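The structure appears below as structure tokens.
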Protein chains: 2
Amino acid sequence: MQSIERYLEDFEVGQKFSSGRLRVQKEQIKSFAAEFDPQPFHLDDDAARNTMFRGLAASGWHTAAITMKLLVESDLKPAGGIVGAGFDELRWPLPVRPGDELRVESEILNVRTSKSHPQQGLIKVRTTTLNQNDEPVQVAVGNLVVPRKAKALRSENS
Amino acid sequence: MQSIERYLEDFEVGQKFSSGRLRVQKEQIKSFAAEFDPQPFHLDDDAARNTMFRGLAASGWHTAAITMKLLVESDLKPAGGIVGAGFDELRWPLPVRPGDELRVESEILNVRTSKSHPQQGLIKVRTTTLNQNDEPVQVAVGNLVVPRKAKALRSENS
């Protein structure tokens, strides 16, 4: 696979990027929860049935972490890596269930040069995580730090 | 330890809750990254030195997951568990380094009854994750779903 690295100048509002798919196994849901989110609805099938979730569901942070994995392996590929400066929005419209197969669609919402760090910029990206029925299980709007091309900087300084 | 469960009526704007502490080991940073955020600055000391992070740093999603663990074990204790309806803000002002010891302070910013689900409400909580130098490594403002007391509901329906 060819590895394309994108600089700030390579991103445009409206561009969309897709990921591969990842199946979430019941044992992974339970082991992530045991380590990071030890609550009945993430840990135990029987206990989960009597909660707001009406059955075992992945921790939202597990969904977020899986989303990151899919995003890193997707064709978004900012030069220097995926470095989040922060999120304006993060929500989980539907629970992730054992056996769900997740994928990520991301769309560029904004591209701007940093005033304080002219060698880089920020792209605002909406990342939607979908299950096998194309239902969104996570929607995140975040800002990523992306380096500018050295050429663009040189022409400004000349 | 006595387990106090708090209902919507038990929360007030301005209340603060604290967590215990958790030390982040280098091997945990690398293993989380290998599974969920496989990028050089989270995986390898040498490779990390030449990146924006200037050394190995935990994935922001690892920091978020550790924050959740500390929050679940803190004295916040909403009845029915910590169930996030979504975040208005999530950012990582400083990287988490190997050996950092994290703790969480949370503050109630808003308390309101749900119009669509009168048996529950929402609390808006600012959760600040601090390192051993009391520097914030994560700031999150999220909304949690909290059940109301049955008594409050009965008096409205009578």
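Ordering of the structure tokens sets the chain letters (A, B, ...), residue numbers begin anew at 1 in every chain, and ligands are numbered from 1 in the order given.
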Any idea which chain B residues end up within 7 Å of chain A if we count only C-alpha atoms, as a short mmCIF file (atom, residue, chain, number, x, y, z; two decimals) with C-alpha atoms, in the first residue's frame please?
data_model
loop_
_atom_site.label_atom_id
_atom_site.label_comp_id
_atom_site.auth_asym_id
_atom_site.auth_seq_id
_atom_site.Cartn_x
_atom_site.Cartn_y
_atom_site.Cartn_z
CA PHE B 36 -5.78 1.65 19.70
CA ASP B 37 -3.45 4.48 18.63
CA GLN B 39 1.60 6.17 16.19
CA TRP B 61 -7.73 8.32 24.47
CA ALA B 65 -9.91 6.10 29.61
CA ILE B 66 -7.79 6.51 32.77
CA MET B 68 -13.03 7.44 33.35
CA LYS B 69 -11.54 4.80 35.66
CA VAL B 72 -16.00 5.74 38.34
CA GLY B 81 -23.75 4.72 37.06
CA ALA B 85 -24.83 11.76 26.96
CA GLY B 86 -22.04 13.58 25.18
CA PHE B 87 -19.32 16.16 25.57
CA ASP B 88 -19.25 19.89 24.83
CA GLU B 89 -15.48 20.05 25.17
CA LEU B 90 -12.56 17.65 25.40
CA ARG B 91 -8.93 18.71 25.21
CA TRP B 92 -5.47 17.69 26.31
#
Once chain A is superposed on chain B with a least-squares fit on all C-alpha pairs taken in order, can you show it as a short mmCIF file (atom, residue, chain, number, x, y, z; two decimals) with N, CA and C atoms, in the first residue's frame?
data_model
loop_
_atom_site.label_atom_id
_atom_site.label_comp_id
_atom_site.auth_asym_id
_atom_site.auth_seq_id
_atom_site.Cartn_x
_atom_site.Cartn_y
_atom_site.Cartn_z
N MET A 1 -15.95 0.88 52.84
CA MET A 1 -16.34 2.20 52.35
C MET A 1 -17.84 2.22 52.10
N GLN A 2 -18.51 3.26 52.56
CA GLN A 2 -19.94 3.38 52.32
C GLN A 2 -20.17 3.84 50.89
N SER A 3 -21.12 3.20 50.23
CA SER A 3 -21.42 3.57 48.86
C SER A 3 -22.66 4.45 48.83
N ILE A 4 -22.47 5.72 48.55
CA ILE A 4 -23.59 6.66 48.45
C ILE A 4 -23.97 6.78 46.98
N GLU A 5 -25.24 6.64 46.69
CA GLU A 5 -25.70 6.84 45.32
C GLU A 5 -26.44 8.16 45.24
N ARG A 6 -26.08 9.00 44.32
CA ARG A 6 -26.70 10.32 44.21
C ARG A 6 -27.72 10.36 43.08
N TYR A 7 -28.89 10.89 43.38
CA TYR A 7 -29.91 11.11 42.37
C TYR A 7 -29.83 12.56 41.90
N LEU A 8 -30.62 12.89 40.87
CA LEU A 8 -30.57 14.24 40.31
C LEU A 8 -30.73 15.31 41.39
N GLU A 9 -31.65 15.04 42.34
CA GLU A 9 -31.96 16.02 43.39
C GLU A 9 -30.78 16.21 44.35
N ASP A 10 -29.83 15.30 44.35
CA ASP A 10 -28.68 15.40 45.26
C ASP A 10 -27.54 16.23 44.68
N PHE A 11 -27.66 16.59 43.41
CA PHE A 11 -26.59 17.37 42.78
C PHE A 11 -26.93 18.85 42.76
N GLU A 12 -25.90 19.67 42.98
CA GLU A 12 -26.07 21.13 42.98
C GLU A 12 -24.90 21.76 42.23
N VAL A 13 -25.19 22.85 41.55
CA VAL A 13 -24.14 23.59 40.86
C VAL A 13 -23.07 23.99 41.86
N GLY A 14 -21.83 23.77 41.52
CA GLY A 14 -20.71 24.17 42.38
C GLY A 14 -20.15 23.02 43.20
N GLN A 15 -20.88 21.92 43.33
CA GLN A 15 -20.35 20.75 44.06
C GLN A 15 -19.09 20.24 43.38
N LYS A 16 -18.12 19.81 44.21
CA LYS A 16 -16.87 19.28 43.66
C LYS A 16 -16.61 17.88 44.21
N PHE A 17 -16.03 17.05 43.36
CA PHE A 17 -15.73 15.68 43.74
C PHE A 17 -14.29 15.35 43.35
N SER A 18 -13.64 14.53 44.17
CA SER A 18 -12.24 14.20 43.92
C SER A 18 -12.08 12.70 43.74
N SER A 19 -11.00 12.32 43.08
CA SER A 19 -10.70 10.90 42.86
C SER A 19 -9.43 10.50 43.61
N GLY A 20 -9.13 9.23 43.58
CA GLY A 20 -7.82 8.76 44.00
C GLY A 20 -6.78 9.08 42.92
N ARG A 21 -5.62 8.42 43.01
CA ARG A 21 -4.53 8.67 42.07
C ARG A 21 -4.16 7.39 41.35
N LEU A 22 -3.66 7.54 40.13
CA LEU A 22 -3.27 6.38 39.35
C LEU A 22 -1.98 6.72 38.59
N ARG A 23 -0.96 5.88 38.76
CA ARG A 23 0.32 6.13 38.08
C ARG A 23 0.28 5.46 36.71
N VAL A 24 0.75 6.18 35.69
CA VAL A 24 0.74 5.67 34.32
C VAL A 24 2.13 5.14 33.98
N GLN A 25 2.20 3.83 33.75
CA GLN A 25 3.50 3.20 33.46
C GLN A 25 3.80 3.23 31.97
N LYS A 26 5.09 3.28 31.65
CA LYS A 26 5.53 3.33 30.25
C LYS A 26 4.97 2.16 29.44
N GLU A 27 4.99 0.96 30.02
CA GLU A 27 4.53 -0.21 29.26
C GLU A 27 3.03 -0.13 28.96
N GLN A 28 2.27 0.48 29.89
CA GLN A 28 0.83 0.66 29.64
C GLN A 28 0.58 1.65 28.50
N ILE A 29 1.39 2.71 28.47
CA ILE A 29 1.27 3.70 27.38
C ILE A 29 1.48 3.01 26.04
N LYS A 30 2.52 2.17 25.98
CA LYS A 30 2.85 1.49 24.72
C LYS A 30 1.81 0.43 24.34
N SER A 31 1.30 -0.30 25.33
CA SER A 31 0.36 -1.37 24.97
C SER A 31 -1.00 -0.80 24.58
N PHE A 32 -1.44 0.28 25.25
CA PHE A 32 -2.69 0.92 24.83
C PHE A 32 -2.54 1.43 23.39
N ALA A 33 -1.41 2.07 23.12
CA ALA A 33 -1.17 2.63 21.78
C ALA A 33 -1.11 1.54 20.73
N ALA A 34 -0.47 0.41 21.05
CA ALA A 34 -0.37 -0.68 20.07
C ALA A 34 -1.76 -1.17 19.68
N GLU A 35 -2.67 -1.17 20.65
CA GLU A 35 -4.02 -1.66 20.36
C GLU A 35 -4.91 -0.61 19.69
N PHE A 36 -4.79 0.66 20.12
CA PHE A 36 -5.79 1.64 19.71
C PHE A 36 -5.24 2.89 19.00
N ASP A 37 -3.98 3.21 19.18
CA ASP A 37 -3.46 4.48 18.63
C ASP A 37 -2.00 4.28 18.23
N PRO A 38 -1.80 3.41 17.22
CA PRO A 38 -0.42 3.01 16.88
C PRO A 38 0.34 4.07 16.09
N GLN A 39 0.81 5.10 16.81
CA GLN A 39 1.59 6.17 16.19
C GLN A 39 2.91 6.29 16.96
N PRO A 40 3.99 6.70 16.23
CA PRO A 40 5.35 6.65 16.82
C PRO A 40 5.48 7.33 18.18
N PHE A 41 4.79 8.49 18.35
CA PHE A 41 4.96 9.25 19.60
C PHE A 41 4.30 8.58 20.81
N HIS A 42 3.49 7.53 20.56
CA HIS A 42 2.88 6.78 21.66
C HIS A 42 3.51 5.40 21.84
N LEU A 43 4.37 4.99 20.89
CA LEU A 43 4.82 3.60 20.83
C LEU A 43 6.29 3.40 21.17
N ASP A 44 7.13 4.38 20.86
CA ASP A 44 8.56 4.14 20.87
C ASP A 44 9.32 5.39 21.34
N ASP A 45 10.15 5.22 22.36
CA ASP A 45 10.87 6.36 22.95
C ASP A 45 11.72 7.11 21.93
N ASP A 46 12.50 6.36 21.14
CA ASP A 46 13.41 7.01 20.19
C ASP A 46 12.64 7.75 19.11
N ALA A 47 11.64 7.06 18.53
CA ALA A 47 10.86 7.67 17.46
C ALA A 47 10.12 8.91 17.97
N ALA A 48 9.69 8.86 19.23
CA ALA A 48 8.90 9.95 19.80
C ALA A 48 9.72 11.23 19.94
N ARG A 49 11.04 11.07 20.12
CA ARG A 49 11.89 12.24 20.35
C ARG A 49 11.86 13.24 19.19
N ASN A 50 11.68 12.72 17.98
CA ASN A 50 11.70 13.59 16.80
C ASN A 50 10.31 14.03 16.35
N THR A 51 9.32 13.91 17.22
CA THR A 51 7.97 14.33 16.85
C THR A 51 7.59 15.58 17.65
N MET A 52 6.40 16.10 17.34
CA MET A 52 5.85 17.26 18.04
C MET A 52 5.84 17.06 19.55
N PHE A 53 5.77 15.82 20.02
CA PHE A 53 5.67 15.53 21.45
C PHE A 53 7.02 15.54 22.17
N ARG A 54 8.13 15.48 21.40
CA ARG A 54 9.49 15.51 21.99
C ARG A 54 9.68 14.44 23.07
N GLY A 55 9.14 13.28 22.83
CA GLY A 55 9.28 12.17 23.78
C GLY A 55 7.99 11.40 23.89
N LEU A 56 8.09 10.20 24.47
CA LEU A 56 6.92 9.33 24.57
C LEU A 56 5.79 10.00 25.36
N ALA A 57 4.59 9.93 24.82
CA ALA A 57 3.41 10.51 25.47
C ALA A 57 2.25 9.53 25.33
N ALA A 58 1.37 9.52 26.31
CA ALA A 58 0.18 8.65 26.25
C ALA A 58 -0.79 9.16 25.19
N SER A 59 -1.47 8.26 24.52
CA SER A 59 -2.58 8.64 23.65
C SER A 59 -3.60 9.43 24.46
N GLY A 60 -4.17 10.45 23.85
CA GLY A 60 -5.23 11.20 24.52
C GLY A 60 -6.39 10.29 24.94
N TRP A 61 -6.63 9.25 24.15
CA TRP A 61 -7.73 8.33 24.47
C TRP A 61 -7.38 7.45 25.66
N HIS A 62 -6.08 7.22 25.85
CA HIS A 62 -5.62 6.51 27.04
C HIS A 62 -5.86 7.40 28.28
N THR A 63 -5.51 8.67 28.16
CA THR A 63 -5.76 9.62 29.25
C THR A 63 -7.25 9.69 29.55
N ALA A 64 -8.07 9.72 28.49
CA ALA A 64 -9.53 9.77 28.68
C ALA A 64 -10.03 8.51 29.39
N ALA A 65 -9.48 7.36 29.02
CA ALA A 65 -9.92 6.09 29.62
C ALA A 65 -9.49 6.03 31.09
N ILE A 66 -8.27 6.47 31.38
CA ILE A 66 -7.80 6.50 32.78
C ILE A 66 -8.66 7.46 33.60
N THR A 67 -9.02 8.58 32.99
CA THR A 67 -9.88 9.56 33.66
C THR A 67 -11.22 8.91 34.02
N MET A 68 -11.76 8.11 33.09
CA MET A 68 -13.03 7.43 33.36
C MET A 68 -12.89 6.48 34.55
N LYS A 69 -11.79 5.73 34.56
CA LYS A 69 -11.53 4.80 35.67
C LYS A 69 -11.51 5.55 37.01
N LEU A 70 -10.79 6.68 37.04
CA LEU A 70 -10.70 7.47 38.27
C LEU A 70 -12.07 8.04 38.65
N LEU A 71 -12.85 8.44 37.64
CA LEU A 71 -14.16 9.04 37.89
C LEU A 71 -15.15 8.00 38.45
N VAL A 72 -15.10 6.79 37.88
CA VAL A 72 -16.00 5.72 38.35
C VAL A 72 -15.72 5.42 39.82
N GLU A 73 -14.42 5.48 40.20
CA GLU A 73 -14.04 5.16 41.58
C GLU A 73 -14.11 6.38 42.51
N SER A 74 -14.42 7.55 41.96
CA SER A 74 -14.48 8.77 42.78
C SER A 74 -15.80 8.83 43.55
N ASP A 75 -15.99 9.88 44.33
CA ASP A 75 -17.21 10.00 45.13
C ASP A 75 -18.34 10.72 44.39
N LEU A 76 -18.24 10.83 43.06
CA LEU A 76 -19.31 11.44 42.26
C LEU A 76 -20.58 10.57 42.34
N LYS A 77 -20.45 9.29 42.00
CA LYS A 77 -21.45 8.23 42.22
C LYS A 77 -22.90 8.56 41.88
N PRO A 78 -23.21 8.88 40.61
CA PRO A 78 -24.62 9.02 40.25
C PRO A 78 -25.31 7.66 40.34
N ALA A 79 -26.55 7.66 40.83
CA ALA A 79 -27.34 6.41 40.87
C ALA A 79 -27.49 5.91 39.44
N GLY A 80 -27.30 4.63 39.24
CA GLY A 80 -27.41 4.07 37.89
C GLY A 80 -26.12 4.12 37.12
N GLY A 81 -25.06 4.72 37.71
CA GLY A 81 -23.76 4.71 37.06
C GLY A 81 -23.45 5.99 36.31
N ILE A 82 -22.23 6.06 35.79
CA ILE A 82 -21.79 7.23 35.02
C ILE A 82 -22.08 6.96 33.56
N VAL A 83 -23.14 7.62 33.06
CA VAL A 83 -23.59 7.41 31.69
C VAL A 83 -23.49 8.75 30.96
N GLY A 84 -22.57 8.84 30.03
CA GLY A 84 -22.31 10.10 29.33
C GLY A 84 -23.28 10.28 28.16
N ALA A 85 -23.95 11.44 28.11
CA ALA A 85 -24.83 11.74 26.98
C ALA A 85 -24.06 12.48 25.90
N GLY A 86 -22.83 12.88 26.19
CA GLY A 86 -22.03 13.59 25.19
C GLY A 86 -21.20 14.68 25.84
N PHE A 87 -20.24 15.18 25.08
CA PHE A 87 -19.30 16.17 25.59
C PHE A 87 -19.39 17.45 24.79
N ASP A 88 -19.28 18.58 25.50
CA ASP A 88 -19.25 19.89 24.84
C ASP A 88 -17.81 20.29 24.58
N GLU A 89 -16.89 19.65 25.27
CA GLU A 89 -15.48 20.05 25.19
C GLU A 89 -14.63 18.89 25.66
N LEU A 90 -13.52 18.68 24.99
CA LEU A 90 -12.56 17.65 25.41
C LEU A 90 -11.22 18.06 24.84
N ARG A 91 -10.25 18.32 25.73
CA ARG A 91 -8.92 18.71 25.22
C ARG A 91 -7.83 18.25 26.16
N TRP A 92 -6.64 18.18 25.60
CA TRP A 92 -5.47 17.70 26.32
C TRP A 92 -4.40 18.79 26.32
N PRO A 93 -4.39 19.67 27.33
CA PRO A 93 -3.46 20.82 27.32
C PRO A 93 -1.99 20.40 27.40
N LEU A 94 -1.70 19.27 28.03
CA LEU A 94 -0.31 18.81 28.19
C LEU A 94 -0.28 17.29 27.99
N PRO A 95 0.84 16.79 27.43
CA PRO A 95 0.94 15.33 27.28
C PRO A 95 1.11 14.63 28.63
N VAL A 96 0.63 13.39 28.70
CA VAL A 96 0.88 12.53 29.86
C VAL A 96 2.14 11.72 29.56
N ARG A 97 3.10 11.77 30.50
CA ARG A 97 4.40 11.11 30.32
C ARG A 97 4.50 9.85 31.18
N PRO A 98 5.38 8.93 30.80
CA PRO A 98 5.57 7.73 31.63
C PRO A 98 5.90 8.11 33.07
N GLY A 99 5.22 7.47 34.02
CA GLY A 99 5.46 7.74 35.43
C GLY A 99 4.55 8.82 36.02
N ASP A 100 3.84 9.55 35.18
CA ASP A 100 2.93 10.58 35.70
C ASP A 100 1.87 9.93 36.60
N GLU A 101 1.50 10.67 37.63
CA GLU A 101 0.47 10.20 38.55
C GLU A 101 -0.76 11.09 38.39
N LEU A 102 -1.85 10.51 37.93
CA LEU A 102 -3.03 11.31 37.58
C LEU A 102 -4.11 11.22 38.65
N ARG A 103 -4.87 12.31 38.75
CA ARG A 103 -6.06 12.34 39.61
C ARG A 103 -7.08 13.23 38.91
N VAL A 104 -8.32 13.15 39.36
CA VAL A 104 -9.40 13.85 38.68
C VAL A 104 -10.17 14.72 39.67
N GLU A 105 -10.46 15.95 39.26
CA GLU A 105 -11.36 16.82 40.01
C GLU A 105 -12.56 17.11 39.13
N SER A 106 -13.76 16.91 39.66
CA SER A 106 -14.94 17.22 38.85
C SER A 106 -15.81 18.24 39.57
N GLU A 107 -16.45 19.07 38.78
CA GLU A 107 -17.31 20.12 39.33
C GLU A 107 -18.63 20.15 38.57
N ILE A 108 -19.73 20.26 39.32
CA ILE A 108 -21.06 20.31 38.70
C ILE A 108 -21.31 21.73 38.18
N LEU A 109 -21.58 21.84 36.87
CA LEU A 109 -21.79 23.15 36.24
C LEU A 109 -23.28 23.45 36.03
N ASN A 110 -24.08 22.40 35.92
CA ASN A 110 -25.50 22.61 35.62
C ASN A 110 -26.28 21.34 36.01
N VAL A 111 -27.53 21.54 36.45
CA VAL A 111 -28.41 20.41 36.81
C VAL A 111 -29.78 20.70 36.20
N ARG A 112 -30.30 19.78 35.40
CA ARG A 112 -31.63 20.04 34.84
C ARG A 112 -32.41 18.74 34.61
N THR A 113 -33.73 18.85 34.71
CA THR A 113 -34.63 17.72 34.45
C THR A 113 -34.79 17.56 32.94
N SER A 114 -34.88 16.33 32.50
CA SER A 114 -35.12 16.05 31.08
C SER A 114 -36.59 16.29 30.76
N LYS A 115 -36.86 17.01 29.66
CA LYS A 115 -38.27 17.23 29.27
C LYS A 115 -38.85 15.97 28.63
N SER A 116 -38.04 15.30 27.83
CA SER A 116 -38.55 14.12 27.11
C SER A 116 -38.60 12.87 28.00
N HIS A 117 -37.74 12.81 29.03
CA HIS A 117 -37.71 11.66 29.94
C HIS A 117 -37.78 12.17 31.38
N PRO A 118 -39.03 12.46 31.88
CA PRO A 118 -39.17 13.11 33.19
C PRO A 118 -38.64 12.29 34.36
N GLN A 119 -38.37 11.00 34.14
CA GLN A 119 -37.83 10.18 35.23
C GLN A 119 -36.33 10.38 35.41
N GLN A 120 -35.73 11.22 34.55
CA GLN A 120 -34.29 11.45 34.68
C GLN A 120 -33.93 12.89 34.37
N GLY A 121 -32.66 13.20 34.53
CA GLY A 121 -32.18 14.54 34.24
C GLY A 121 -30.76 14.48 33.74
N LEU A 122 -30.19 15.66 33.55
CA LEU A 122 -28.80 15.74 33.06
C LEU A 122 -28.02 16.64 34.00
N ILE A 123 -26.79 16.21 34.32
CA ILE A 123 -25.88 17.11 35.01
C ILE A 123 -24.71 17.38 34.06
N LYS A 124 -24.32 18.66 34.00
CA LYS A 124 -23.15 19.03 33.22
C LYS A 124 -21.96 19.08 34.18
N VAL A 125 -20.92 18.36 33.86
CA VAL A 125 -19.77 18.21 34.76
C VAL A 125 -18.48 18.58 34.04
N ARG A 126 -17.67 19.44 34.68
CA ARG A 126 -16.34 19.67 34.16
C ARG A 126 -15.37 18.73 34.90
N THR A 127 -14.67 17.90 34.14
CA THR A 127 -13.74 16.94 34.72
C THR A 127 -12.33 17.35 34.32
N THR A 128 -11.51 17.67 35.30
CA THR A 128 -10.13 18.08 35.03
C THR A 128 -9.20 17.00 35.54
N THR A 129 -8.35 16.50 34.65
CA THR A 129 -7.39 15.47 35.02
C THR A 129 -6.04 16.16 35.24
N LEU A 130 -5.47 15.96 36.42
CA LEU A 130 -4.24 16.67 36.79
C LEU A 130 -3.11 15.69 36.99
N ASN A 131 -1.89 16.12 36.68
CA ASN A 131 -0.72 15.28 36.96
C ASN A 131 -0.16 15.60 38.36
N GLN A 132 0.96 14.98 38.69
CA GLN A 132 1.54 15.11 40.04
C GLN A 132 2.01 16.55 40.34
N ASN A 133 2.15 17.39 39.29
CA ASN A 133 2.51 18.80 39.50
C ASN A 133 1.28 19.71 39.47
N ASP A 134 0.10 19.10 39.57
CA ASP A 134 -1.18 19.83 39.53
C ASP A 134 -1.39 20.57 38.22
N GLU A 135 -0.76 20.08 37.14
CA GLU A 135 -0.98 20.65 35.81
C GLU A 135 -2.11 19.86 35.13
N PRO A 136 -3.05 20.57 34.48
CA PRO A 136 -4.13 19.84 33.78
C PRO A 136 -3.61 19.15 32.52
N VAL A 137 -3.89 17.87 32.40
CA VAL A 137 -3.53 17.10 31.20
C VAL A 137 -4.77 16.80 30.36
N GLN A 138 -5.95 16.94 30.96
CA GLN A 138 -7.20 16.79 30.20
C GLN A 138 -8.28 17.64 30.85
N VAL A 139 -9.05 18.33 30.02
CA VAL A 139 -10.23 19.05 30.49
C VAL A 139 -11.40 18.56 29.66
N ALA A 140 -12.44 18.09 30.32
CA ALA A 140 -13.62 17.60 29.61
C ALA A 140 -14.86 18.21 30.24
N VAL A 141 -15.79 18.68 29.42
CA VAL A 141 -17.09 19.13 29.91
C VAL A 141 -18.13 18.23 29.27
N GLY A 142 -18.76 17.42 30.11
CA GLY A 142 -19.69 16.43 29.58
C GLY A 142 -21.02 16.47 30.30
N ASN A 143 -22.00 15.83 29.70
CA ASN A 143 -23.34 15.75 30.28
C ASN A 143 -23.62 14.30 30.67
N LEU A 144 -24.01 14.10 31.91
CA LEU A 144 -24.31 12.75 32.39
C LEU A 144 -25.81 12.61 32.65
N VAL A 145 -26.33 11.44 32.31
CA VAL A 145 -27.73 11.11 32.57
C VAL A 145 -27.83 10.61 34.01
N VAL A 146 -28.73 11.22 34.80
CA VAL A 146 -28.89 10.83 36.21
C VAL A 146 -30.37 10.62 36.51
N PRO A 147 -30.75 9.49 37.13
CA PRO A 147 -32.16 9.27 37.45
C PRO A 147 -32.64 10.21 38.55
N ARG A 148 -33.96 10.52 38.52
CA ARG A 148 -34.56 11.30 39.60
C ARG A 148 -35.06 10.34 40.67
N LYS A 149 -35.28 10.89 41.85
CA LYS A 149 -35.85 10.07 42.94
C LYS A 149 -37.29 9.75 42.60
N ALA A 150 -37.72 8.53 42.91
CA ALA A 150 -39.10 8.12 42.63
C ALA A 150 -40.09 9.06 43.33
N LYS A 151 -39.73 9.52 44.52
CA LYS A 151 -40.61 10.41 45.30
C LYS A 151 -40.93 11.70 44.54
N ALA A 152 -39.93 12.29 43.93
CA ALA A 152 -40.13 13.54 43.19
C ALA A 152 -41.10 13.32 42.05
N LEU A 153 -40.97 12.16 41.39
CA LEU A 153 -41.86 11.85 40.27
C LEU A 153 -43.30 11.64 40.74
N ARG A 154 -43.45 10.91 41.87
CA ARG A 154 -44.79 10.63 42.39
C ARG A 154 -45.56 11.90 42.70
N SER A 155 -44.89 12.88 43.32
CA SER A 155 -45.60 14.10 43.73
C SER A 155 -46.02 14.91 42.49
N GLU A 156 -45.26 14.79 41.39
CA GLU A 156 -45.66 15.49 40.16
C GLU A 156 -46.89 14.85 39.54
N ASN A 157 -46.99 13.53 39.66
CA ASN A 157 -48.07 12.81 39.01
C ASN A 157 -49.36 12.79 39.83
N SER A 158 -49.30 13.24 41.09
CA SER A 158 -50.48 13.13 41.94
C SER A 158 -51.42 14.32 41.73
#
| message | I'd like to know which residues of segment 2-135 of chain A are strand (DSSP E) (by DSSP, run on the backbone); could you write them as an NGL selection string? | response | :A and (16-23 or 84-91 or 101-113 or 120-130)
| request: List every residue of segment 3-151 of chain B that DSSP, applied to the backbone of this structure, assigns to helix (DSSP H, G or I), and report them as a PyMOL selection string. | output: chain B and resi 8-10+26-36+40-43+45-49+60-72+150-151
